[in-house]
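Trainee: final-v9.txt is reproduced below (compact mmCIF, C-alpha atoms and all ligand atoms).
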```txt
# COMPACT_ATOMS: atom_id res chain seq x y z
CA MET A 1 -20.93 7.22 32.58
CA GLN A 2 -19.36 8.72 29.44
CA LEU A 3 -20.06 12.36 28.85
CA ILE A 4 -18.80 15.20 26.75
CA SER A 5 -18.96 18.71 28.09
CA ILE A 6 -18.69 21.81 25.89
CA GLN A 7 -17.89 25.27 27.30
CA ASN A 8 -18.44 27.32 24.09
CA TYR A 9 -19.92 26.46 20.71
CA VAL A 10 -18.94 28.48 17.63
CA PHE A 11 -19.77 28.58 13.90
CA PRO A 12 -16.75 30.20 12.22
CA GLU A 13 -17.35 31.44 8.69
CA THR A 14 -13.84 30.94 7.34
CA LEU A 15 -11.22 28.24 7.67
CA GLU A 16 -8.74 30.80 8.95
CA GLU A 17 -11.06 31.72 11.79
CA ALA A 18 -11.74 28.04 12.57
CA TYR A 19 -8.02 27.21 12.63
CA ASP A 20 -7.15 30.17 14.86
CA ILE A 21 -9.77 29.05 17.38
CA LEU A 22 -8.52 25.45 17.16
CA LYS A 23 -4.95 26.46 17.90
CA SER A 24 -5.77 28.96 20.64
CA LYS A 25 -6.44 26.32 23.34
CA ARG A 26 -5.47 22.68 23.70
CA ASN A 27 -9.00 21.36 24.27
CA ASN A 28 -10.68 23.30 21.48
CA THR A 29 -12.11 20.71 19.09
CA VAL A 30 -13.40 20.52 15.52
CA LEU A 31 -16.76 18.79 15.14
CA GLY A 32 -17.64 16.51 12.26
CA GLY A 33 -20.89 14.56 12.57
CA CYS A 34 -20.10 14.02 16.30
CA ALA A 35 -20.94 10.33 16.12
CA PHE A 36 -17.58 9.24 17.41
CA LEU A 37 -16.97 12.19 19.71
CA ARG A 38 -20.22 11.39 21.49
CA MET A 39 -19.11 7.85 22.29
CA GLY A 40 -16.33 8.93 24.65
CA SER A 41 -15.74 11.34 27.52
CA LYS A 42 -14.23 14.68 26.62
CA ASN A 43 -14.02 18.11 28.10
CA ILE A 44 -14.20 20.47 25.10
CA GLY A 45 -13.29 24.12 25.53
CA THR A 46 -14.66 25.54 22.30
CA ALA A 47 -16.51 23.24 19.92
CA ILE A 48 -15.85 24.34 16.34
CA ASP A 49 -18.79 23.59 14.07
CA LEU A 50 -17.70 23.76 10.42
CA SER A 51 -21.17 23.76 8.94
CA LYS A 52 -21.04 27.43 7.84
CA ILE A 53 -17.82 27.02 5.83
CA ASN A 54 -19.30 25.27 2.78
CA LEU A 55 -17.35 22.07 3.12
CA ASN A 56 -20.30 19.89 2.29
CA TYR A 57 -19.92 19.01 -1.40
CA ILE A 58 -18.98 16.31 -3.90
CA LYS A 59 -17.73 17.95 -7.11
CA GLU A 60 -16.64 16.57 -10.44
CA CYS A 61 -13.81 18.78 -11.73
CA ASP A 62 -11.83 18.44 -14.98
CA GLU A 63 -9.21 16.07 -13.62
CA THR A 64 -10.36 15.23 -10.13
CA ILE A 65 -13.32 14.47 -7.93
CA ASP A 66 -13.29 16.64 -4.83
CA ILE A 67 -15.13 15.72 -1.64
CA GLY A 68 -15.52 18.39 1.05
CA ALA A 69 -14.78 17.39 4.65
CA MET A 70 -18.40 17.77 5.76
CA ALA A 71 -19.84 15.45 3.09
CA THR A 72 -21.66 12.66 4.92
CA PHE A 73 -21.44 8.91 4.30
CA ARG A 74 -25.02 8.96 3.03
CA GLU A 75 -24.09 11.61 0.47
CA ILE A 76 -21.10 9.54 -0.61
CA GLU A 77 -23.28 6.44 -0.83
CA THR A 78 -25.92 8.09 -3.02
CA SER A 79 -23.84 10.56 -5.04
CA PRO A 80 -24.44 10.13 -8.80
CA ILE A 81 -20.81 11.14 -9.36
CA LEU A 82 -19.39 8.56 -7.00
CA THR A 83 -21.66 5.78 -8.19
CA LYS A 84 -20.54 6.52 -11.75
CA TYR A 85 -16.77 6.45 -11.17
CA PHE A 86 -14.48 3.65 -10.01
CA ASN A 87 -17.20 1.03 -10.22
CA GLY A 88 -18.94 2.84 -7.34
CA VAL A 89 -16.34 1.59 -4.85
CA LEU A 90 -16.71 4.52 -2.41
CA SER A 91 -20.46 4.11 -2.22
CA GLU A 92 -19.95 0.38 -1.81
CA SER A 93 -17.52 0.85 1.09
CA VAL A 94 -19.96 2.88 3.21
CA LYS A 95 -23.40 1.60 2.24
CA ASN A 96 -23.61 -1.09 4.95
CA ILE A 97 -22.22 0.91 7.85
CA VAL A 98 -24.73 0.64 10.72
CA GLY A 99 -27.82 2.42 9.34
CA VAL A 100 -29.03 5.40 7.30
CA GLN A 101 -29.42 7.58 10.40
CA LEU A 102 -25.74 7.20 11.32
CA ARG A 103 -24.61 7.57 7.70
CA ASN A 104 -26.60 10.81 7.48
CA SER A 105 -24.43 12.36 10.18
CA VAL A 106 -20.90 10.90 9.96
CA THR A 107 -18.50 12.85 7.78
CA ILE A 108 -15.57 11.99 5.55
CA GLY A 109 -13.51 14.68 7.34
CA GLY A 110 -14.02 13.18 10.81
CA THR A 111 -13.24 9.70 9.48
CA VAL A 112 -10.11 10.40 7.46
CA TYR A 113 -8.63 12.90 9.93
CA SER A 114 -8.99 10.33 12.73
CA LYS A 115 -7.23 7.59 10.69
CA TYR A 116 -9.38 4.88 12.28
CA GLY A 117 -7.87 1.44 11.70
CA PHE A 118 -11.33 -0.06 11.23
CA SER A 119 -12.36 2.48 8.60
CA ASP A 120 -13.92 1.06 5.46
CA LEU A 121 -13.87 4.35 3.57
CA ILE A 122 -10.13 4.92 4.09
CA THR A 123 -9.36 1.50 2.59
CA ALA A 124 -11.38 2.33 -0.52
CA LEU A 125 -9.90 5.85 -0.83
CA LEU A 126 -6.36 4.48 -0.60
CA SER A 127 -6.98 2.23 -3.59
CA LEU A 128 -7.83 5.34 -5.66
CA ASP A 129 -4.64 7.32 -4.92
CA ALA A 130 -6.57 9.98 -3.00
CA ASP A 131 -4.92 13.07 -1.52
CA VAL A 132 -6.00 14.92 1.61
CA VAL A 133 -6.00 18.70 1.92
CA LEU A 134 -5.36 20.14 5.37
CA TYR A 135 -5.68 23.81 6.19
CA LYS A 136 -2.15 24.17 7.59
CA GLN A 137 -0.21 21.24 6.16
CA GLY A 138 -1.62 21.60 2.64
CA ARG A 139 -2.10 18.78 0.15
CA ILE A 140 -0.49 15.39 0.81
CA SER A 141 -1.19 11.87 -0.33
CA LEU A 142 -3.53 9.87 1.88
CA GLU A 143 -0.85 7.19 2.07
CA GLU A 144 1.64 9.66 3.57
CA PHE A 145 -0.98 11.25 5.82
CA LEU A 146 -1.83 7.87 7.37
CA GLN A 147 1.81 7.35 8.32
CA LYS A 148 2.29 10.77 9.91
CA ASP A 149 1.90 11.57 13.60
CA PHE A 150 -1.25 13.46 14.57
CA GLU A 151 -0.97 17.22 14.26
CA LYS A 152 -3.80 19.61 15.13
CA ASP A 153 -5.20 20.77 11.82
CA ILE A 154 -8.44 20.94 9.84
CA LEU A 155 -9.05 18.50 7.04
CA THR A 156 -10.80 20.50 4.34
CA LYS A 157 -11.20 18.10 1.42
CA ILE A 158 -10.24 14.86 -0.27
CA ILE A 159 -9.08 14.91 -3.88
CA ILE A 160 -9.31 11.82 -6.07
CA PRO A 161 -7.70 11.74 -9.53
CA LYS A 162 -10.40 11.12 -12.16
CA THR A 163 -9.04 7.95 -13.72
CA ASN A 164 -10.58 4.92 -15.37
CA LYS A 165 -9.77 2.79 -12.36
CA LYS A 166 -12.20 0.00 -11.72
CA ALA A 167 -12.29 -0.93 -8.06
CA VAL A 168 -13.88 -3.44 -5.73
CA PHE A 169 -14.45 -3.38 -1.95
CA LYS A 170 -14.88 -6.44 0.27
CA SER A 171 -15.17 -6.85 4.02
CA ILE A 172 -15.98 -9.50 6.53
CA ARG A 173 -17.86 -8.80 9.77
CA ASN A 174 -19.27 -10.82 12.64
CA SER A 175 -22.59 -9.02 12.21
CA ASN A 176 -23.86 -6.30 9.89
CA SER A 177 -23.58 -3.44 12.36
CA ASP A 178 -20.16 -4.42 13.73
CA TYR A 179 -16.77 -3.08 12.59
CA ALA A 180 -15.03 -5.14 9.93
CA ILE A 181 -12.71 -7.95 10.98
CA LEU A 182 -10.83 -7.13 7.81
CA ASN A 183 -11.53 -5.10 4.69
CA VAL A 184 -9.97 -5.05 1.25
CA ALA A 185 -10.14 -2.70 -1.74
CA ILE A 186 -8.48 -3.42 -5.06
CA SER A 187 -8.28 -1.03 -7.99
CA LYS A 188 -7.19 -1.78 -11.54
CA GLU A 189 -6.33 0.44 -14.46
CA ASN A 190 -4.73 -1.48 -17.34
CA THR A 191 -1.85 -3.33 -15.65
CA ASP A 192 -1.67 -1.02 -12.66
CA PHE A 193 -3.15 -2.67 -9.56
CA LYS A 194 -3.48 -1.37 -6.03
CA ILE A 195 -4.31 -3.90 -3.32
CA VAL A 196 -5.25 -2.30 0.01
CA VAL A 197 -6.02 -4.11 3.26
CA GLY A 198 -7.57 -2.38 6.29
CA ALA A 199 -8.90 -3.25 9.76
CA ARG A 200 -5.83 -5.48 10.22
CA PRO A 201 -6.84 -4.10 12.87
CA GLN A 202 -4.24 -1.40 12.23
CA ARG A 203 -4.71 1.32 9.60
CA ALA A 204 -5.20 0.42 5.96
CA LYS A 205 -2.02 -0.28 4.01
CA ILE A 206 -1.12 -0.96 0.40
CA ALA A 207 0.20 -4.47 -0.26
CA LYS A 208 2.90 -3.17 -2.60
CA GLU A 209 4.73 -6.40 -3.44
CA ALA A 210 1.47 -8.17 -4.22
CA SER A 211 0.26 -5.24 -6.36
CA ILE A 212 3.47 -5.23 -8.41
CA TYR A 213 3.54 -9.01 -8.77
CA LEU A 214 0.00 -9.03 -10.11
CA GLY A 215 0.68 -6.23 -12.59
CA LYS A 216 3.56 -8.22 -14.10
CA SER A 217 1.71 -11.52 -14.14
CA LYS A 218 -0.49 -13.13 -16.79
CA LEU A 219 -3.47 -12.95 -14.43
CA THR A 220 -4.02 -16.70 -14.38
CA SER A 221 -5.76 -18.37 -11.46
CA GLU A 222 -2.31 -19.42 -10.16
CA ASP A 223 -1.22 -15.77 -10.29
CA ILE A 224 -4.28 -14.74 -8.30
CA GLU A 225 -3.54 -17.43 -5.74
CA GLN A 226 0.09 -16.32 -5.50
CA THR A 227 -0.88 -12.62 -5.23
CA SER A 228 -3.18 -13.28 -2.30
CA SER A 229 -0.42 -15.24 -0.53
CA ILE A 230 2.09 -12.43 -1.08
CA ALA A 231 -0.36 -9.85 0.30
CA ALA A 232 -1.04 -11.93 3.43
CA LYS A 233 2.71 -12.39 3.96
CA GLU A 234 3.91 -8.81 3.40
CA LEU A 235 1.37 -7.14 5.71
CA ASN A 236 1.26 -7.29 9.50
CA PHE A 237 -1.87 -8.36 11.30
CA GLY A 238 -2.90 -8.09 14.92
CA SER A 239 -5.45 -9.60 17.29
CA ASN A 240 -8.41 -7.95 18.99
CA MET A 241 -11.85 -8.98 20.24
CA ARG A 242 -13.05 -9.40 16.63
CA GLY A 243 -10.42 -11.82 15.42
CA SER A 244 -6.94 -13.17 15.92
CA LYS A 245 -3.85 -12.32 13.91
CA GLU A 246 -3.87 -15.83 12.41
CA TYR A 247 -7.53 -15.60 11.43
CA ARG A 248 -6.96 -12.23 9.74
CA GLU A 249 -4.06 -13.64 7.76
CA VAL A 250 -6.28 -16.40 6.40
CA ILE A 251 -9.18 -14.01 5.73
CA CYS A 252 -6.83 -11.63 3.91
CA LYS A 253 -6.03 -14.29 1.33
CA VAL A 254 -9.71 -15.08 0.85
CA LEU A 255 -10.84 -11.45 0.48
CA VAL A 256 -7.98 -10.52 -1.85
CA LYS A 257 -8.82 -13.51 -4.04
CA ARG A 258 -12.53 -12.66 -4.10
CA ALA A 259 -11.88 -9.01 -4.89
CA LEU A 260 -9.43 -9.91 -7.65
CA MET A 261 -11.82 -12.33 -9.33
CA GLU A 262 -14.37 -9.52 -9.39
CA VAL A 263 -12.07 -6.71 -10.51
CA LEU A 264 -10.68 -8.88 -13.32
C1 LIG G 301 -21.68 3.15 16.40
C2 LIG G 301 -20.69 3.44 15.30
C3 LIG G 301 -20.34 2.42 14.41
C4 LIG G 301 -19.44 2.68 13.37
N1 LIG G 301 -19.12 1.69 12.48
C5 LIG G 301 -18.25 1.94 11.48
C6 LIG G 301 -17.90 0.94 10.53
O1 LIG G 301 -18.34 -0.20 10.58
N2 LIG G 301 -17.01 1.27 9.55
C7 LIG G 301 -16.47 2.52 9.46
O2 LIG G 301 -15.68 2.76 8.52
N3 LIG G 301 -16.79 3.48 10.33
C8 LIG G 301 -17.65 3.22 11.34
N4 LIG G 301 -17.94 4.19 12.25
C9 LIG G 301 -17.16 5.44 12.24
C10 LIG G 301 -17.83 6.51 11.47
O3 LIG G 301 -17.92 6.04 10.17
C11 LIG G 301 -17.01 7.80 11.48
O4 LIG G 301 -15.73 7.53 11.05
C12 LIG G 301 -16.90 8.42 12.85
O5 LIG G 301 -18.16 8.50 13.43
C13 LIG G 301 -16.24 9.81 12.74
O6 LIG G 301 -16.98 10.66 11.93
P1 LIG G 301 -17.75 11.93 12.53
O7 LIG G 301 -18.08 12.80 11.38
O8 LIG G 301 -18.86 11.48 13.39
O9 LIG G 301 -16.60 12.60 13.40
P2 LIG G 301 -16.65 13.24 14.87
O10 LIG G 301 -17.11 12.24 15.88
O11 LIG G 301 -17.37 14.54 14.84
O12 LIG G 301 -15.10 13.55 15.06
C14 LIG G 301 -14.15 12.53 15.20
C15 LIG G 301 -12.77 13.18 15.39
O13 LIG G 301 -12.38 13.86 14.20
C16 LIG G 301 -12.13 15.26 14.43
N5 LIG G 301 -12.63 15.96 13.23
C17 LIG G 301 -13.87 15.91 12.70
N6 LIG G 301 -13.90 16.58 11.51
C18 LIG G 301 -12.65 17.08 11.32
C19 LIG G 301 -12.05 17.85 10.27
N7 LIG G 301 -12.72 18.24 9.19
N8 LIG G 301 -10.75 18.19 10.41
C20 LIG G 301 -10.04 17.81 11.51
N9 LIG G 301 -10.56 17.07 12.52
C21 LIG G 301 -11.85 16.70 12.42
C22 LIG G 301 -12.89 15.58 15.73
O14 LIG G 301 -12.30 16.65 16.40
C23 LIG G 301 -12.75 14.26 16.48
O15 LIG G 301 -11.49 14.20 17.11
C24 LIG G 301 -18.85 3.97 13.26
C25 LIG G 301 -19.22 4.98 14.17
C26 LIG G 301 -20.12 4.73 15.17
C27 LIG G 301 -20.48 5.87 16.10
```
Reformat the file's structure so that it appears as structure tokens.
Mentor:
Amino acid sequence: MQLISIQNYVFPETLEEAYDILKSKRNNTVLGGCAFLRMGSKNIGTAIDLSKINLNYIKECDETIDIGAMATFREIETSPILTKYFNGVLSESVKNIVGVQLRNSVTIGGTVYSKYGFSDLITALLSLDADVVLYKQGRISLEEFLQKDFEKDILTKIIIPKTNKKAVFKSIRNSNSDYAILNVAISKENTDFKIVVGARPQRAKIAKEASIYLGKSKLTSEDIEQTSSIAAKELNFGSNMRGSKEYREVICKVLVKRALMEVL
């Protein structure tokens, strides 16, 4: 039987306090919505609940949109700010994940910090040039963060530049409530494209060659075809219970093509 046990449970009121507790013992653990933590076995020394630190917000600033670590998927899905910008791609990426009950509890902080390969939200965020802000490591691009080794820290917010990017999210799943076999997000602003593929099943990655090729092309149907082939070739795919490497390669071409037709 899988079980988590918690020795102490605390509600720090500042990030400094939360970080000090996190660092003071190896098995002290930050809690997000606990949806994923609950699925495994873990012996937690002190559980650090961030809900008194005001990290639950989605704010439109002058040049950015800031999302606090404790904002839930449901809040992202229904936020008037996020449905207004980027063609609503963030809302689109989370709106079909399992059910409202789960989306009401899972947080952007728990998702992005954990760098899940299957994540739909990370794929969409990567297409928008998002940055992550960590208490200790400071602000770094999401792209760089995904490549770094894990380091104990607290993710405090996500910052997205407020651009005129139009973006589209696509995924394919065996059933509605299952993880994606593959997901794709593509953003476009003038001739600047960003093609991102996730659930490969490894972490989301930008298909850089394909993005550059497309930006220099005339955007004909042959160019779209060629772009999807470049993306499938430049990225690595793997096999798991949801699909084989070969299947993902084929699906990548299809999803990139579909997303491009829509974004164009
Ligand atoms: C049944 C099920 C199905 C799912 N299906 C999908 C799906 O199809 N697509 C998809 O994209 N996602 C899916 N998810 C994942 C989900 O969207 C979340 O990514 C996941 O639950 C983690 O979010 P959480 O807030 O629950 O984190 P938690 O479970 O609370 O924490 C997860 C990890 O992150 C750490 N953590 C939490 N917050 C922070 C923080 N602010 N700073 C540093 N560390 C932190 C915790 O210590 C823990 O190690 C699914 C989850 C479940 C349970």
Trainee: From the list A:Gly198, A:Pro161, A:Pro80, A:Gly110, which residue is nearest ligand LIG 301 (chain G) when using all atoms listed in the file?
Mentor: A:Gly110
Trainee: So that each row is one residue of chain A with an atom at most 8 Å from ligand LIG 301 (chain G), can you give its shortest atom pair and the distance in Å to one decimal, using only C-alpha atoms and all ligand atoms, rows by chain and rising number, as JSON lines?
Mentor:
```
{"residue": "A:Thr29", "atom": "CA", "partner": "G:LIG301", "partner_atom": "O14", "distance": 4.9}
{"residue": "A:Val30", "atom": "CA", "partner": "G:LIG301", "partner_atom": "O14", "distance": 4.1}
{"residue": "A:Leu31", "atom": "CA", "partner": "G:LIG301", "partner_atom": "O11", "distance": 4.3}
{"residue": "A:Gly32", "atom": "CA", "partner": "G:LIG301", "partner_atom": "O11", "distance": 3.3}
{"residue": "A:Gly33", "atom": "CA", "partner": "G:LIG301", "partner_atom": "O7", "distance": 3.5}
{"residue": "A:Cys34", "atom": "CA", "partner": "G:LIG301", "partner_atom": "O11", "distance": 3.1}
{"residue": "A:Ala35", "atom": "CA", "partner": "G:LIG301", "partner_atom": "O8", "distance": 3.6}
{"residue": "A:Phe36", "atom": "CA", "partner": "G:LIG301", "partner_atom": "O10", "distance": 3.4}
{"residue": "A:Leu37", "atom": "CA", "partner": "G:LIG301", "partner_atom": "O10", "distance": 3.8}
{"residue": "A:Arg38", "atom": "CA", "partner": "G:LIG301", "partner_atom": "O10", "distance": 6.5}
{"residue": "A:Met39", "atom": "CA", "partner": "G:LIG301", "partner_atom": "C27", "distance": 6.6}
{"residue": "A:Leu50", "atom": "CA", "partner": "G:LIG301", "partner_atom": "N7", "distance": 7.5}
{"residue": "A:Ala69", "atom": "CA", "partner": "G:LIG301", "partner_atom": "N7", "distance": 5.1}
{"residue": "A:Met70", "atom": "CA", "partner": "G:LIG301", "partner_atom": "N7", "distance": 6.7}
{"residue": "A:Thr72", "atom": "CA", "partner": "G:LIG301", "partner_atom": "O7", "distance": 7.4}
{"residue": "A:Phe73", "atom": "CA", "partner": "G:LIG301", "partner_atom": "O3", "distance": 7.4}
{"residue": "A:Ser93", "atom": "CA", "partner": "G:LIG301", "partner_atom": "O2", "distance": 7.9}
{"residue": "A:Val94", "atom": "CA", "partner": "G:LIG301", "partner_atom": "O2", "distance": 6.8}
{"residue": "A:Asn96", "atom": "CA", "partner": "G:LIG301", "partner_atom": "O1", "distance": 7.8}
{"residue": "A:Ile97", "atom": "CA", "partner": "G:LIG301", "partner_atom": "O1", "distance": 4.9}
{"residue": "A:Val98", "atom": "CA", "partner": "G:LIG301", "partner_atom": "N1", "distance": 6.0}
{"residue": "A:Leu102", "atom": "CA", "partner": "G:LIG301", "partner_atom": "C27", "distance": 7.2}
{"residue": "A:Arg103", "atom": "CA", "partner": "G:LIG301", "partner_atom": "O3", "distance": 7.3}
{"residue": "A:Ser105", "atom": "CA", "partner": "G:LIG301", "partner_atom": "O7", "distance": 6.5}
{"residue": "A:Val106", "atom": "CA", "partner": "G:LIG301", "partner_atom": "O7", "distance": 3.7}
{"residue": "A:Thr107", "atom": "CA", "partner": "G:LIG301", "partner_atom": "O7", "distance": 3.6}
{"residue": "A:Ile108", "atom": "CA", "partner": "G:LIG301", "partner_atom": "O7", "distance": 6.4}
{"residue": "A:Gly109", "atom": "CA", "partner": "G:LIG301", "partner_atom": "N7", "distance": 4.1}
{"residue": "A:Gly110", "atom": "CA", "partner": "G:LIG301", "partner_atom": "C17", "distance": 3.3}
{"residue": "A:Thr111", "atom": "CA", "partner": "G:LIG301", "partner_atom": "O4", "distance": 3.7}
{"residue": "A:Val112", "atom": "CA", "partner": "G:LIG301", "partner_atom": "O4", "distance": 7.3}
{"residue": "A:Tyr113", "atom": "CA", "partner": "G:LIG301", "partner_atom": "N9", "distance": 5.3}
{"residue": "A:Ser114", "atom": "CA", "partner": "G:LIG301", "partner_atom": "O13", "distance": 5.1}
{"residue": "A:Tyr116", "atom": "CA", "partner": "G:LIG301", "partner_atom": "O4", "distance": 7.0}
{"residue": "A:Phe118", "atom": "CA", "partner": "G:LIG301", "partner_atom": "O2", "distance": 5.8}
{"residue": "A:Ser119", "atom": "CA", "partner": "G:LIG301", "partner_atom": "O2", "distance": 3.3}
{"residue": "A:Asp120", "atom": "CA", "partner": "G:LIG301", "partner_atom": "O2", "distance": 3.9}
{"residue": "A:Leu121", "atom": "CA", "partner": "G:LIG301", "partner_atom": "O2", "distance": 5.5}
{"residue": "A:Ile122", "atom": "CA", "partner": "G:LIG301", "partner_atom": "O2", "distance": 7.4}
{"residue": "A:Leu134", "atom": "CA", "partner": "G:LIG301", "partner_atom": "N8", "distance": 7.6}
{"residue": "A:Lys152", "atom": "CA", "partner": "G:LIG301", "partner_atom": "C20", "distance": 7.4}
{"residue": "A:Asp153", "atom": "CA", "partner": "G:LIG301", "partner_atom": "C20", "distance": 5.7}
{"residue": "A:Ile154", "atom": "CA", "partner": "G:LIG301", "partner_atom": "N8", "distance": 3.6}
{"residue": "A:Leu155", "atom": "CA", "partner": "G:LIG301", "partner_atom": "N8", "distance": 3.8}
{"residue": "A:Thr156", "atom": "CA", "partner": "G:LIG301", "partner_atom": "N7", "distance": 5.7}
{"residue": "A:Lys157", "atom": "CA", "partner": "G:LIG301", "partner_atom": "N7", "distance": 7.9}
{"residue": "A:Ser177", "atom": "CA", "partner": "G:LIG301", "partner_atom": "O1", "distance": 6.4}
{"residue": "A:Asp178", "atom": "CA", "partner": "G:LIG301", "partner_atom": "O1", "distance": 5.6}
{"residue": "A:Tyr179", "atom": "CA", "partner": "G:LIG301", "partner_atom": "O1", "distance": 3.8}
{"residue": "A:Ala180", "atom": "CA", "partner": "G:LIG301", "partner_atom": "O1", "distance": 6.0}
```
Trainee: Work out how far apart atom CA of Ile186 of chain A and atom CA of Gln101 of chain A are and give it in Å to one decimal.
Mentor: 28.3 Å
Trainee: So that I can check the surroundings of Val89 of chain A, please list as a list in words every protein, DNA and RNA residue that reaches within 9 Å of it, counting all atoms listed in the file and ignoring chain neighbours fewer than 3 positions away.
Mentor: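 So the residues in contact are Leu82, Thr83, Tyr85, Phe86, Glu92, Ser93, Val94, Ala124, Leu125, Lys166, Ala167, Val168, Phe169 and Ala185 of chain A.
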Trainee: Please list as a PyMOL selection string every residue within 9 Å of Lys52 of chain A, counting only C-alpha atoms and excluding residues in the same chain fewer than 3 positions away.
Mentor: chain A and resi 11-14+49+55
Trainee: Can you list, as a PyMOL selection string, every protein, DNA or RNA residue that comes within 10 Å of Lys188 of chain A when you count only C-alpha atoms, leaving out same-chain residues fewer than 6 positions away?
Mentor: chain A and resi 86+127-128+164-168+194-195+211+215+260+263-264
Trainee: For atom CA of Asp66 of chain A and atom CA of Asp131 of chain A, quote the distance in Å rounded to one decimal.
Mentor: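 If I compute the distance from atom CA of Asp66 of chain A to atom CA of Asp131 of chain A, I get 9.7 Å.
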Trainee: Would you mind reading off the distance between atom CA of Ser24 of chain A and atom CA of Asn54 of chain A, one decimal, in Å?
Mentor: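 Distance between the two atoms: 22.7 Å.
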Trainee: Which of these residues is nearest to Ile160 of chain A, using all atoms listed in the file: A:Glu246, A:Glu60, A:Asp192, A:Glu262?
Mentor: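 With all atoms listed in the file as the atom set, the closest residue is A:Glu60.
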Trainee: Which is closer to Leu142 of chain A than all the others in A:Met241, A:Ile158, A:Val10, A:Ala207, using only C-alpha atoms?
Mentor: A:Ile158
Trainee: So which residues touch Tyr247 of chain A within 10 Å, counting only C-alpha atoms, skipping near sequence neighbours fewer than 3 positions away, as an mmCIF file with C-alpha atoms, keeping the file's coordinate frame?
Mentor:
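As written to disk, selection.cif reads:
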```cif
data_model
loop_
_atom_site.group_PDB
_atom_site.id
_atom_site.type_symbol
_atom_site.label_atom_id
_atom_site.label_comp_id
_atom_site.auth_asym_id
_atom_site.auth_seq_id
_atom_site.Cartn_x
_atom_site.Cartn_y
_atom_site.Cartn_z
ATOM 1 C CA ILE A 181 -12.710 -7.950 10.980
ATOM 2 C CA LEU A 182 -10.830 -7.130 7.810
ATOM 3 C CA PHE A 237 -1.870 -8.360 11.300
ATOM 4 C CA GLY A 238 -2.900 -8.090 14.920
ATOM 5 C CA SER A 239 -5.450 -9.600 17.290
ATOM 6 C CA ARG A 242 -13.050 -9.400 16.630
ATOM 7 C CA GLY A 243 -10.420 -11.820 15.420
ATOM 8 C CA SER A 244 -6.940 -13.170 15.920
ATOM 9 C CA VAL A 250 -6.280 -16.400 6.400
ATOM 10 C CA ILE A 251 -9.180 -14.010 5.730
ATOM 11 C CA CYS A 252 -6.830 -11.630 3.910
#
```
Trainee: From the structure block, carefully write segment 87-111 of chain A out with C-alpha atoms; format it as a compact mmCIF listing (two decimals), in the first residue's frame.
Mentor:
```txt
# COMPACT_ATOMS: atom_id res chain seq x y z
CA ASN A 87 -5.20 32.83 -27.92
CA GLY A 88 -5.99 31.31 -24.50
CA VAL A 89 -3.31 28.64 -24.95
CA LEU A 90 -2.63 28.16 -21.21
CA SER A 91 -6.30 27.63 -20.44
CA GLU A 92 -6.50 25.30 -23.42
CA SER A 93 -3.55 23.20 -22.20
CA VAL A 94 -5.11 22.41 -18.81
CA LYS A 95 -8.86 22.41 -19.43
CA ASN A 96 -9.14 18.68 -20.19
CA ILE A 97 -6.88 17.36 -17.45
CA VAL A 98 -8.84 14.71 -15.53
CA GLY A 99 -11.70 16.71 -13.95
CA VAL A 100 -12.61 19.98 -12.24
CA GLN A 101 -12.00 18.53 -8.76
CA LEU A 102 -8.37 17.70 -9.59
CA ARG A 103 -7.84 20.99 -11.44
CA ASN A 104 -9.12 22.84 -8.37
CA SER A 105 -6.25 21.48 -6.31
CA VAL A 106 -3.18 21.02 -8.56
CA THR A 107 -0.86 24.00 -8.72
CA ILE A 108 1.40 25.52 -11.34
CA GLY A 109 4.25 25.55 -8.79
CA GLY A 110 4.06 21.80 -8.10
CA THR A 111 3.86 21.08 -11.83
```
